[in-house]
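**Q** Once you've had a glance at the structure underneath, I'll fire off some questions.
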Amino acid sequence: MNKLIHLPEPKLVFGYNQVMEDPRDGLTLFGPFDRKDPIYGITVGVIGTQEGIDRFLRWMGTIQGPVWNPELKRERPPFPGFEAVFGIKCEPKPIQSVILDKDRLSKLLHYDDRHRRIYETASLYADPIIAATKDEERQPAIWFVIVPDELYRVCRPTQNVNRANRVEAPGKLNPKLVQKFKNIDYLAGMDALAEEEVAYDFEPDFRNQLKGRLLKSKAVTQIVRDSTLMPLEVVKANGKPLRDLTTIRADIAWNLSTATYYKSGARPWKLHGVRPGVCYLGLVFKQDNTANDPRNACCAAQMFLDSGDGVVFKGSVGKWYTPETRQFHLSRAAAKEIVALAIAAYAAKNNGEKPKELFIHGRTRFDDVEWTGFNEAAGQATKVVGIRIVEANDIRLYRQGSRMPILRGLAHISDRYTAMLWTKGFVPRLQTFPGGKEVPKPIIVNVCRGEHDIEVVLNDVLRLTKLNYNCCRFSDGMPVTLKFADAVGEILTSGPVGGEVPLPFKHYI
């Protein structure tokens with residue numbers, strides 16, 4: 001078998017069970033698939049400095065009506081307005097607002113110690129949200145976390161504060177010594193030191209820390225930079241915008257509004273034509289950097305049902321990483337545990353019925369030990385198929401006599417188990433290639449365990465590139481089972497988060 005085929009563009013289901021290719025077309029014409037009660041509307045909370053909250057309120061006012069880009073293009077349609085799209089109001093006035101002290105935030109952002117800087121900044125945002133979930137009777141469906149662009153710059157793992165602006169952080173410790181002695185009991189009278197150590201138990205990444213620390217409270221967040229809301233107001237030293245996003249303001253409205261609707265508990269769309277009884281599981285691995293053993297890693301799984309619902313499970317932490325091969329592999333017991341969790345969650349949502357087919361997506365081939373564990377958990381009721389999906393960096397395909405790239409959905413099938421699939425390319429509906437001047441790279445799809453028709457597998461993978469509810473674009477390059485794999489793993493290993501799992505996917509994006 002050696003053939004080149006073109007897969008039809010997957011369709012999505014919207015309101016009134018109408019079917020379209022482009023999510024923006026479907027939402028504009030028919031509204032979302034899940035309808036929320038229009039009487040109550042979507043309630044939001046907001047936390048930020050007074051300046052950030054003012055920008056957010058003004059931006060919320062703009063999305064109540066149409067938003068369009070300066071230059072109208074087919075691939076960048078205007079945003080009709082939140083209620084016009086979703087059939088429900090997103091109240092422009094938050095039901096809860098937390099104003100942060102601007103001077104206090106600025107001081108934290110200038111701490112010279114990366115761990116303390118990011119931990120204290122994340123605490124400044126997380127603590128009021130956690131307190132509100134316990135004390136306030138009326139809870140927002142989603143919290144908007146408005147962060148200044150300076151926070152984005154200095155609260156990531158590899159970023160630091162300019163030497164001239166640094167402030168010495170109180171309680172500063174040596175991170176390497178903390179990791180070395182973290183498992184040794186502190187002597188009597190050392191409680192203060194133990195409290196200072198907490199900051200070093202977390203990965204130095206603001207977004208991951210905040211999301212991870214809010215898992216237990218189940219607060220849903222959308223983190224937004226000041227310059228995303230009001231790009232012309234956030235300027236560089238020369239007076240020019242830090243990020244001139246005015247040409248895509250409609251895109252920003254589409255993306256943030258769709259994410260808000262999904263995170264409020266409703267699906268904007270669902271996949272069309274998915275076989276009933278099918279479940280997709282994407283395995284997630286992340287090295288545990290808080291351990292002294294480089295082999296230690298956390299395993300988790302992202303499960304997506306045929307309905308489009310997404311759930312995240314946290315599996316065991318163990319010696320899953322092999323430095324010599326740079327691959328992750330589970331033990332038999334851990335593999336059995338993660339699939340058993342997925343099947344139980346599927347049954348809970350489907351009147352006790354187990355899935356007929358379970359497709360497990362990963363970036364490495366599953367070994368014999370893992371495969372035995374998967375099948376033990378699945379039993380006779382569920383057929384398990386292992387799929388390896390990786391990006392091909394050394395393959396390019398060009399259209400002869402055309403300036404446009406090849407069509408999205410093109411697939412080269414090598415044999416009954418392996419194919420290359422172009423999930424990026426020219427889209428007839430948009431009459432363009434959304435990737436600009438980039439030459440599309442294919443992904444390699446390999447049925448590495450079990451048996452299944454390769455064309456069916458390719459169609460499923462192509463469908464799953466259209467299930468990203470965190471934005472409102474035509475499609476992604478990777479299926480959603482692996483699209484957010486790194487982000488989910490980083491949140492689950494960001495520190496001692498203590499969240500209850502499984503949790504809906506909306507908590508991680």
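Residues in the structure tokens are named by chain (A, B, ... in the order shown) and by number from 1 within that chain; ligands are numbered from 1 in the order shown.
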Would you mind listing what lies within 12 Å of Arg104 (chain A) as a CSV table (one decimal) with N, CA and C atoms, in the first residue's frame, with only C-alpha atoms counted and same-chain residues fewer than 6 positions away left out?

**A**
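Result file follows (result.csv):
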```csv
chain,number,residue,atom,x,y,z
A,48,GLY,N,-7.0,42.1,39.3
A,48,GLY,CA,-5.9,42.8,38.7
A,48,GLY,C,-5.7,44.2,39.4
A,49,THR,N,-4.8,45.0,38.9
A,49,THR,CA,-4.6,46.3,39.4
A,49,THR,C,-5.9,47.2,38.9
A,110,HIS,N,10.0,42.8,41.0
A,110,HIS,CA,11.5,43.2,40.9
A,110,HIS,C,12.3,42.4,41.9
A,111,TYR,N,11.8,41.4,42.5
A,111,TYR,CA,12.6,40.6,43.4
A,111,TYR,C,13.7,39.9,42.6
A,117,ARG,N,10.1,35.6,43.5
A,117,ARG,CA,9.3,36.5,42.7
A,117,ARG,C,8.1,35.9,42.2
A,120,GLU,N,5.5,34.6,45.1
A,120,GLU,CA,4.8,35.6,45.8
A,120,GLU,C,3.8,36.3,44.9
A,121,THR,N,4.2,36.5,43.6
A,121,THR,CA,3.2,37.1,42.6
A,121,THR,C,2.0,36.2,42.4
A,124,LEU,N,-0.3,36.5,45.3
A,124,LEU,CA,-1.0,37.7,45.3
A,124,LEU,C,-2.3,37.6,44.5
A,125,TYR,N,-2.3,36.8,43.4
A,125,TYR,CA,-3.5,36.6,42.6
A,125,TYR,C,-4.3,35.4,43.1
```

**Q** Find the residues around region 303-313 of chain A up to 8 Å (only C-alpha atoms counted), leave out those fewer than 4 positions away in its own chain, and share them as a list of chain:residue names.

**A** A:Arg267, A:Lys270, A:Leu271, A:Val274, A:Arg275, A:Pro276, A:Gly277, A:Val278, A:Cys279, A:Tyr280, A:Leu281, A:Gly282, A:Ile338, A:Leu341, A:Ala342, A:Tyr346, A:Leu467, A:Thr481, A:Val501, A:Pro502, A:Leu503, A:Pro504, A:Phe505, A:Lys506

**Q** Could you work out how far CA of Lys356 (chain A) lies from CA of Gly273 (chain A), giving the answer in Å with one decimal?

**A**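 Result for CA of Gly273 (chain A) versus CA of Lys356 (chain A): 15.9 Å, one decimal.
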
**Q** For Pro66 (chain A), work out the shell of residues within 10 Å, counting only C-alpha atoms and skipping chain neighbours fewer than 3 positions away, then give it as a PyMOL selection string.

**A** chain A and resi 62-63+78-82+84+250+253

**Q** Between A:Lys383, A:Lys483, A:Arg463, A:Arg58, which residue has the minimum interatomic distance to Leu229 (chain A), considering only C-alpha atoms?

**A**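 Ranked by minimum distance to Leu229 (chain A), first place goes to A:Arg58.
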
**Q** Neighbouring residues of region 322-330 of chain A were defined as those with any atom within 9 Å, considering only C-alpha atoms; residues of the same chain fewer than 6 positions away were excluded. Please report them as number ranges by chain.

**A** A: 285-286, 294-295, 297, 299, 363-367, 369-370, 373

**Q** Taking the chain letters and numbering used in this document, name the residues of region 68-112 of chain A that DSSP puts in strand (DSSP E or B), as a ChimeraX atom specification.

**A** /A:73,76,79,90,96-100,111

**Q** Restricting the calculation to only C-alpha atoms: of A:Glu438, A:Phe359, A:Lys73, A:Ala141, which residue gets closest to Lys263 (chain A)?

**A**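 Once distances to Lys263 (chain A) are computed over only C-alpha atoms, the minimum belongs to A:Ala141.
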
**Q** Fewer than 5 positions away in the same chain doesn't count, so skip those; otherwise give me all residues within 12 Å of Thr372 (chain A), counting only C-alpha atoms, as an NGL selection string.

**A** :A and (330-337 or 339 or 366-367 or 377-379 or 384 or 386 or 449-450)

**Q** Write the residues of the selection above to a file with N, CA and C atoms, as a short mmCIF file (atom, residue, chain, number, x, y, z; two decimals), in the first residue's frame.

**A**
```cif
data_model
loop_
_atom_site.label_atom_id
_atom_site.label_comp_id
_atom_site.auth_asym_id
_atom_site.auth_seq_id
_atom_site.Cartn_x
_atom_site.Cartn_y
_atom_site.Cartn_z
N LEU A 330 5.47 3.67 31.03
CA LEU A 330 4.84 3.34 32.30
C LEU A 330 5.12 1.90 32.70
N SER A 331 4.96 1.64 33.99
CA SER A 331 4.95 0.26 34.47
C SER A 331 3.59 -0.35 34.12
N ARG A 332 3.51 -1.64 34.26
CA ARG A 332 2.25 -2.33 33.97
C ARG A 332 1.12 -1.83 34.87
N ALA A 333 1.41 -1.67 36.15
CA ALA A 333 0.37 -1.22 37.09
C ALA A 333 -0.07 0.20 36.80
N ALA A 334 0.89 1.10 36.49
CA ALA A 334 0.55 2.50 36.20
C ALA A 334 -0.25 2.62 34.91
N ALA A 335 0.12 1.80 33.89
CA ALA A 335 -0.63 1.81 32.63
C ALA A 335 -2.05 1.34 32.85
N LYS A 336 -2.19 0.30 33.66
CA LYS A 336 -3.52 -0.22 33.97
C LYS A 336 -4.35 0.81 34.72
N GLU A 337 -3.72 1.52 35.65
CA GLU A 337 -4.43 2.50 36.47
C GLU A 337 -4.98 3.65 35.61
N VAL A 339 -5.69 3.82 32.37
CA VAL A 339 -6.77 3.42 31.47
C VAL A 339 -8.03 3.08 32.26
N PHE A 366 4.37 2.48 22.38
CA PHE A 366 4.11 1.84 23.67
C PHE A 366 4.82 0.49 23.71
N ASP A 367 5.48 0.20 24.83
CA ASP A 367 6.20 -1.07 24.92
C ASP A 367 5.28 -2.19 25.39
N ALA A 377 -6.76 -3.35 31.86
CA ALA A 377 -7.77 -2.41 32.33
C ALA A 377 -8.99 -2.39 31.41
N ALA A 378 -8.76 -2.55 30.10
CA ALA A 378 -9.86 -2.47 29.14
C ALA A 378 -10.72 -3.73 29.15
N GLY A 379 -10.11 -4.89 29.41
CA GLY A 379 -10.87 -6.13 29.40
C GLY A 379 -11.39 -6.47 28.01
N VAL A 384 -8.62 -1.63 22.41
CA VAL A 384 -7.61 -0.60 22.61
C VAL A 384 -6.70 -0.55 21.38
N GLY A 386 -3.23 1.64 20.00
CA GLY A 386 -2.18 2.59 20.33
C GLY A 386 -1.72 3.35 19.10
N ARG A 449 0.23 -0.13 18.04
CA ARG A 449 -0.29 -1.25 18.83
C ARG A 449 -1.75 -1.49 18.45
N GLY A 450 -2.12 -2.77 18.35
CA GLY A 450 -3.47 -3.09 17.97
C GLY A 450 -3.68 -3.00 16.47
#
```

**Q** As a PyMOL selection string, please: the residues near Glu150 (chain A) (cut-off 12 Å, only C-alpha atoms, same-chain neighbours under 4 positions excluded).

**A** chain A and resi 105-110+121+146+154-156+159-162+225-227+234-236+242

**Q** Which one is closest to Ile129 (chain A): A:Gly45, A:Pro32, A:Gly362, A:Pro241? Count only C-alpha atoms.

**A**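 Smallest separation from Ile129 (chain A) among the options: A:Gly45.
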
**Q** Could you pull out the residues in region 11-161 of chain A that DSSP calls helix (DSSP H, G or I) from the backbone, as a PDB file with N, CA and C atoms, in the first residue's frame?

**A**
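Okay, this is what ended up in states-v6.pdb:
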```pdb
ATOM      1  N   GLY A  15     -25.713  24.876  16.946  1.00  0.00           N
ATOM      2  CA  GLY A  15     -27.097  24.942  17.379  1.00  0.00           C
ATOM      3  C   GLY A  15     -28.052  24.375  16.343  1.00  0.00           C
ATOM      4  N   TYR A  16     -29.173  23.808  16.854  1.00  0.00           N
ATOM      5  CA  TYR A  16     -30.203  23.210  15.993  1.00  0.00           C
ATOM      6  C   TYR A  16     -29.642  22.062  15.150  1.00  0.00           C
ATOM      7  N   ASN A  17     -28.500  21.468  15.628  1.00  0.00           N
ATOM      8  CA  ASN A  17     -27.859  20.333  14.951  1.00  0.00           C
ATOM      9  C   ASN A  17     -27.435  20.662  13.518  1.00  0.00           C
ATOM     10  N   PRO A  23     -15.791  27.020  12.643  1.00  0.00           N
ATOM     11  CA  PRO A  23     -16.521  27.332  13.875  1.00  0.00           C
ATOM     12  C   PRO A  23     -17.110  28.737  13.891  1.00  0.00           C
ATOM     13  N   ARG A  24     -16.455  29.687  13.236  1.00  0.00           N
ATOM     14  CA  ARG A  24     -16.996  31.052  13.228  1.00  0.00           C
ATOM     15  C   ARG A  24     -18.236  31.147  12.351  1.00  0.00           C
ATOM     16  N   ASP A  25     -18.269  30.392  11.262  1.00  0.00           N
ATOM     17  CA  ASP A  25     -19.486  30.337  10.446  1.00  0.00           C
ATOM     18  C   ASP A  25     -20.642  29.745  11.245  1.00  0.00           C
ATOM     19  N   GLY A  26     -20.366  28.601  11.891  1.00  0.00           N
ATOM     20  CA  GLY A  26     -21.417  27.902  12.615  1.00  0.00           C
ATOM     21  C   GLY A  26     -21.967  28.708  13.775  1.00  0.00           C
ATOM     22  N   LEU A  27     -21.080  29.358  14.529  1.00  0.00           N
ATOM     23  CA  LEU A  27     -21.538  30.151  15.665  1.00  0.00           C
ATOM     24  C   LEU A  27     -22.326  31.378  15.210  1.00  0.00           C
ATOM     25  N   THR A  28     -21.878  32.005  14.133  1.00  0.00           N
ATOM     26  CA  THR A  28     -22.570  33.191  13.639  1.00  0.00           C
ATOM     27  C   THR A  28     -23.965  32.861  13.124  1.00  0.00           C
ATOM     28  N   LEU A  29     -24.089  31.742  12.394  1.00  0.00           N
ATOM     29  CA  LEU A  29     -25.372  31.399  11.763  1.00  0.00           C
ATOM     30  C   LEU A  29     -26.333  30.673  12.692  1.00  0.00           C
ATOM     31  N   PHE A  30     -25.790  29.776  13.546  1.00  0.00           N
ATOM     32  CA  PHE A  30     -26.680  28.883  14.301  1.00  0.00           C
ATOM     33  C   PHE A  30     -26.472  28.916  15.806  1.00  0.00           C
ATOM     34  N   GLN A  50      -6.034  48.327  39.504  1.00  0.00           N
ATOM     35  CA  GLN A  50      -7.158  49.163  39.091  1.00  0.00           C
ATOM     36  C   GLN A  50      -7.060  49.505  37.613  1.00  0.00           C
ATOM     37  N   GLU A  51      -5.854  49.777  37.151  1.00  0.00           N
ATOM     38  CA  GLU A  51      -5.631  50.103  35.744  1.00  0.00           C
ATOM     39  C   GLU A  51      -6.002  48.913  34.856  1.00  0.00           C
ATOM     40  N   GLY A  52      -5.587  47.722  35.259  1.00  0.00           N
ATOM     41  CA  GLY A  52      -5.904  46.523  34.474  1.00  0.00           C
ATOM     42  C   GLY A  52      -7.386  46.229  34.443  1.00  0.00           C
ATOM     43  N   ILE A  53      -8.050  46.393  35.582  1.00  0.00           N
ATOM     44  CA  ILE A  53      -9.491  46.141  35.641  1.00  0.00           C
ATOM     45  C   ILE A  53     -10.244  47.153  34.787  1.00  0.00           C
ATOM     46  N   ASP A  54      -9.816  48.415  34.799  1.00  0.00           N
ATOM     47  CA  ASP A  54     -10.461  49.429  33.955  1.00  0.00           C
ATOM     48  C   ASP A  54     -10.358  49.044  32.480  1.00  0.00           C
ATOM     49  N   ARG A  55      -9.201  48.559  32.078  1.00  0.00           N
ATOM     50  CA  ARG A  55      -9.035  48.122  30.684  1.00  0.00           C
ATOM     51  C   ARG A  55      -9.943  46.940  30.379  1.00  0.00           C
ATOM     52  N   PHE A  56     -10.037  46.018  31.314  1.00  0.00           N
ATOM     53  CA  PHE A  56     -10.902  44.857  31.111  1.00  0.00           C
ATOM     54  C   PHE A  56     -12.361  45.281  30.955  1.00  0.00           C
ATOM     55  N   LEU A  57     -12.818  46.199  31.784  1.00  0.00           N
ATOM     56  CA  LEU A  57     -14.214  46.641  31.713  1.00  0.00           C
ATOM     57  C   LEU A  57     -14.500  47.324  30.378  1.00  0.00           C
ATOM     58  N   ARG A  58     -13.541  48.115  29.899  1.00  0.00           N
ATOM     59  CA  ARG A  58     -13.742  48.759  28.600  1.00  0.00           C
ATOM     60  C   ARG A  58     -13.773  47.731  27.480  1.00  0.00           C
ATOM     61  N   TRP A  59     -12.891  46.720  27.583  1.00  0.00           N
ATOM     62  CA  TRP A  59     -12.893  45.662  26.565  1.00  0.00           C
ATOM     63  C   TRP A  59     -14.198  44.866  26.610  1.00  0.00           C
ATOM     64  N   MET A  60     -14.691  44.577  27.797  1.00  0.00           N
ATOM     65  CA  MET A  60     -15.969  43.865  27.920  1.00  0.00           C
ATOM     66  C   MET A  60     -17.099  44.653  27.268  1.00  0.00           C
ATOM     67  N   GLY A  61     -17.009  45.968  27.359  1.00  0.00           N
ATOM     68  CA  GLY A  61     -18.017  46.787  26.694  1.00  0.00           C
ATOM     69  C   GLY A  61     -17.956  46.651  25.189  1.00  0.00           C
ATOM     70  N   THR A  62     -16.758  46.494  24.630  1.00  0.00           N
ATOM     71  CA  THR A  62     -16.635  46.415  23.170  1.00  0.00           C
ATOM     72  C   THR A  62     -17.229  45.121  22.620  1.00  0.00           C
ATOM     73  N   PHE A  82     -21.087  39.243  21.663  1.00  0.00           N
ATOM     74  CA  PHE A  82     -21.185  38.022  22.471  1.00  0.00           C
ATOM     75  C   PHE A  82     -22.598  37.442  22.461  1.00  0.00           C
ATOM     76  N   GLU A  83     -23.584  38.262  22.758  1.00  0.00           N
ATOM     77  CA  GLU A  83     -24.953  37.740  22.818  1.00  0.00           C
ATOM     78  C   GLU A  83     -25.440  37.318  21.442  1.00  0.00           C
ATOM     79  N   ALA A  84     -25.015  38.035  20.391  1.00  0.00           N
ATOM     80  CA  ALA A  84     -25.419  37.666  19.036  1.00  0.00           C
ATOM     81  C   ALA A  84     -24.868  36.299  18.643  1.00  0.00           C
ATOM     82  N   VAL A  85     -23.676  35.964  19.139  1.00  0.00           N
ATOM     83  CA  VAL A  85     -23.054  34.686  18.797  1.00  0.00           C
ATOM     84  C   VAL A  85     -23.577  33.549  19.661  1.00  0.00           C
ATOM     85  N   PHE A  86     -23.618  33.764  20.973  1.00  0.00           N
ATOM     86  CA  PHE A  86     -23.889  32.664  21.898  1.00  0.00           C
ATOM     87  C   PHE A  86     -25.313  32.640  22.445  1.00  0.00           C
ATOM     88  N   LYS A 102      -0.983  48.125  43.220  1.00  0.00           N
ATOM     89  CA  LYS A 102      -0.039  48.248  42.110  1.00  0.00           C
ATOM     90  C   LYS A 102       1.401  48.330  42.594  1.00  0.00           C
ATOM     91  N   ASP A 103       1.630  49.072  43.681  1.00  0.00           N
ATOM     92  CA  ASP A 103       2.989  49.211  44.210  1.00  0.00           C
ATOM     93  C   ASP A 103       3.490  47.886  44.762  1.00  0.00           C
ATOM     94  N   ARG A 104       2.620  47.159  45.443  1.00  0.00           N
ATOM     95  CA  ARG A 104       3.004  45.857  45.984  1.00  0.00           C
ATOM     96  C   ARG A 104       3.359  44.891  44.856  1.00  0.00           C
ATOM     97  N   LEU A 105       2.544  44.878  43.812  1.00  0.00           N
ATOM     98  CA  LEU A 105       2.813  44.008  42.668  1.00  0.00           C
ATOM     99  C   LEU A 105       4.134  44.393  42.001  1.00  0.00           C
ATOM    100  N   SER A 106       4.359  45.692  41.833  1.00  0.00           N
ATOM    101  CA  SER A 106       5.592  46.145  41.191  1.00  0.00           C
ATOM    102  C   SER A 106       6.813  45.718  41.994  1.00  0.00           C
ATOM    103  N   LYS A 107       6.726  45.799  43.317  1.00  0.00           N
ATOM    104  CA  LYS A 107       7.850  45.398  44.162  1.00  0.00           C
ATOM    105  C   LYS A 107       8.137  43.899  44.010  1.00  0.00           C
ATOM    106  N   LEU A 108       7.078  43.093  44.001  1.00  0.00           N
ATOM    107  CA  LEU A 108       7.261  41.648  43.850  1.00  0.00           C
ATOM    108  C   LEU A 108       7.904  41.317  42.504  1.00  0.00           C
ATOM    109  N   ARG A 114      14.236  34.390  41.488  1.00  0.00           N
ATOM    110  CA  ARG A 114      13.178  33.983  40.572  1.00  0.00           C
ATOM    111  C   ARG A 114      12.066  33.210  41.280  1.00  0.00           C
ATOM    112  N   HIS A 115      12.416  32.264  42.131  1.00  0.00           N
ATOM    113  CA  HIS A 115      11.405  31.448  42.804  1.00  0.00           C
ATOM    114  C   HIS A 115      10.510  32.296  43.712  1.00  0.00           C
ATOM    115  N   ARG A 116      11.129  33.166  44.494  1.00  0.00           N
ATOM    116  CA  ARG A 116      10.325  33.988  45.397  1.00  0.00           C
ATOM    117  C   ARG A 116       9.499  35.005  44.607  1.00  0.00           C
ATOM    118  N   ARG A 117      10.079  35.556  43.547  1.00  0.00           N
ATOM    119  CA  ARG A 117       9.350  36.532  42.729  1.00  0.00           C
ATOM    120  C   ARG A 117       8.064  35.922  42.163  1.00  0.00           C
ATOM    121  N   ILE A 118       8.179  34.739  41.582  1.00  0.00           N
ATOM    122  CA  ILE A 118       7.027  34.142  40.923  1.00  0.00           C
ATOM    123  C   ILE A 118       6.047  33.565  41.938  1.00  0.00           C
ATOM    124  N   TYR A 119       6.559  32.957  42.997  1.00  0.00           N
ATOM    125  CA  TYR A 119       5.669  32.391  44.013  1.00  0.00           C
ATOM    126  C   TYR A 119       4.849  33.484  44.696  1.00  0.00           C
ATOM    127  N   GLU A 120       5.505  34.565  45.105  1.00  0.00           N
ATOM    128  CA  GLU A 120       4.790  35.642  45.793  1.00  0.00           C
ATOM    129  C   GLU A 120       3.801  36.333  44.860  1.00  0.00           C
ATOM    130  N   THR A 121       4.165  36.494  43.600  1.00  0.00           N
ATOM    131  CA  THR A 121       3.241  37.110  42.636  1.00  0.00           C
ATOM    132  C   THR A 121       2.038  36.216  42.401  1.00  0.00           C
ATOM    133  N   ALA A 122       2.275  34.915  42.239  1.00  0.00           N
ATOM    134  CA  ALA A 122       1.158  33.979  42.070  1.00  0.00           C
ATOM    135  C   ALA A 122       0.261  33.974  43.306  1.00  0.00           C
ATOM    136  N   SER A 123       0.862  34.089  44.492  1.00  0.00           N
ATOM    137  CA  SER A 123       0.070  34.137  45.733  1.00  0.00           C
ATOM    138  C   SER A 123      -0.801  35.382  45.778  1.00  0.00           C
ATOM    139  N   LEU A 124      -0.265  36.497  45.285  1.00  0.00           N
ATOM    140  CA  LEU A 124      -1.024  37.750  45.281  1.00  0.00           C
ATOM    141  C   LEU A 124      -2.322  37.600  44.493  1.00  0.00           C
ATOM    142  N   TYR A 125      -2.280  36.801  43.421  1.00  0.00           N
ATOM    143  CA  TYR A 125      -3.474  36.557  42.613  1.00  0.00           C
ATOM    144  C   TYR A 125      -4.296  35.377  43.140  1.00  0.00           C
ATOM    145  N   ALA A 126      -3.620  34.292  43.526  1.00  0.00           N
ATOM    146  CA  ALA A 126      -4.335  33.063  43.883  1.00  0.00           C
ATOM    147  C   ALA A 126      -5.084  33.179  45.208  1.00  0.00           C
ATOM    148  N   ASP A 127      -4.468  33.776  46.218  1.00  0.00           N
ATOM    149  CA  ASP A 127      -5.074  33.794  47.551  1.00  0.00           C
ATOM    150  C   ASP A 127      -6.448  34.462  47.575  1.00  0.00           C
ATOM    151  N   PRO A 128      -6.638  35.639  46.945  1.00  0.00           N
ATOM    152  CA  PRO A 128      -7.980  36.246  46.944  1.00  0.00           C
ATOM    153  C   PRO A 128      -9.019  35.409  46.199  1.00  0.00           C
ATOM    154  N   ILE A 129      -8.596  34.739  45.114  1.00  0.00           N
ATOM    155  CA  ILE A 129      -9.542  33.898  44.381  1.00  0.00           C
ATOM    156  C   ILE A 129      -9.962  32.711  45.228  1.00  0.00           C
ATOM    157  N   ILE A 130      -8.996  32.068  45.891  1.00  0.00           N
ATOM    158  CA  ILE A 130      -9.323  30.927  46.757  1.00  0.00           C
ATOM    159  C   ILE A 130     -10.230  31.372  47.895  1.00  0.00           C
ATOM    160  N   ALA A 131      -9.931  32.527  48.483  1.00  0.00           N
ATOM    161  CA  ALA A 131     -10.771  33.035  49.572  1.00  0.00           C
ATOM    162  C   ALA A 131     -12.195  33.318  49.092  1.00  0.00           C
ATOM    163  N   ALA A 132     -12.314  33.861  47.892  1.00  0.00           N
ATOM    164  CA  ALA A 132     -13.640  34.180  47.351  1.00  0.00           C
ATOM    165  C   ALA A 132     -14.461  32.923  47.104  1.00  0.00           C
ATOM    166  N   THR A 133     -13.811  31.831  46.684  1.00  0.00           N
ATOM    167  CA  THR A 133     -14.546  30.579  46.446  1.00  0.00           C
ATOM    168  C   THR A 133     -15.098  30.004  47.737  1.00  0.00           C
ATOM    169  N   LYS A 134     -14.506  30.370  48.862  1.00  0.00           N
ATOM    170  CA  LYS A 134     -14.979  29.860  50.155  1.00  0.00           C
ATOM    171  C   LYS A 134     -15.995  30.781  50.815  1.00  0.00           C
ATOM    172  N   ASP A 135     -15.811  32.088  50.639  1.00  0.00           N
ATOM    173  CA  ASP A 135     -16.579  33.051  51.421  1.00  0.00           C
ATOM    174  C   ASP A 135     -17.764  33.665  50.692  1.00  0.00           C
ATOM    175  N   ASP A 149       2.046  43.506  31.396  1.00  0.00           N
ATOM    176  CA  ASP A 149       3.012  42.874  30.495  1.00  0.00           C
ATOM    177  C   ASP A 149       4.356  42.659  31.157  1.00  0.00           C
ATOM    178  N   GLU A 150       4.663  43.471  32.158  1.00  0.00           N
ATOM    179  CA  GLU A 150       5.910  43.258  32.897  1.00  0.00           C
ATOM    180  C   GLU A 150       5.879  41.917  33.623  1.00  0.00           C
ATOM    181  N   LEU A 151       4.720  41.543  34.157  1.00  0.00           N
ATOM    182  CA  LEU A 151       4.597  40.233  34.813  1.00  0.00           C
ATOM    183  C   LEU A 151       4.858  39.120  33.817  1.00  0.00           C
ATOM    184  N   TYR A 152       4.287  39.253  32.641  1.00  0.00           N
ATOM    185  CA  TYR A 152       4.517  38.235  31.607  1.00  0.00           C
ATOM    186  C   TYR A 152       6.000  38.117  31.284  1.00  0.00           C
ATOM    187  N   ARG A 153       6.692  39.237  31.308  1.00  0.00           N
ATOM    188  CA  ARG A 153       8.110  39.227  30.930  1.00  0.00           C
ATOM    189  C   ARG A 153       8.986  38.592  32.003  1.00  0.00           C
ATOM    190  N   VAL A 154       8.737  38.868  33.275  1.00  0.00           N
ATOM    191  CA  VAL A 154       9.683  38.444  34.327  1.00  0.00           C
ATOM    192  C   VAL A 154       9.223  37.238  35.134  1.00  0.00           C
TER     193      VAL A 154
END
```

**Q** Can you work out which one of A:Leu245, A:Val439, A:Val445, A:Ile360 has the shortest atom-to-atom distance to Arg416 (chain A), counting only C-alpha atoms?

**A**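 Among A:Leu245, A:Val439, A:Val445, A:Ile360, it is A:Val445 that comes nearest to Arg416 (chain A).
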
**Q** Could you check which of A:Ala199, A:Pro77, A:Gln18, A:Ile88 is closest to Tyr40 (chain A), using only C-alpha atoms?

**A**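 That would be A:Ile88, the residue with the smallest distance to Tyr40 (chain A).
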
**Q** Return the single residue from A:Pro148, A:Gly489, A:Gly315, A:Pro10 that is closest to Val461 (chain A), with distances computed using only C-alpha atoms.

**A**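 Closest to Val461 (chain A) of all the choices is A:Pro10.
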
**Q** Could you tell me how far CA of Asp101 (chain A) lies from CA of Val46 (chain A), in Å and to one decimal?

**A** 14.3 Å

**Q** Can you tell me, as a list in words, what residues are no more than 7 Å from Trp269 (chain A) when counting only C-alpha atoms, ignoring any on the same chain fewer than 6 positions away?

**A**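 Final neighbour list, sorted by chain and number: Leu12, Val13, Phe14, Pro32 and Phe33 of chain A.
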
**Q** Using CA of Lys11 (chain A) and CA of Glu451 (chain A) as the two end points, give the distance in Å to one decimal.

**A**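 Taking CA of Lys11 (chain A) as the start and CA of Glu451 (chain A) as the end point, the length is 25.8 Å.
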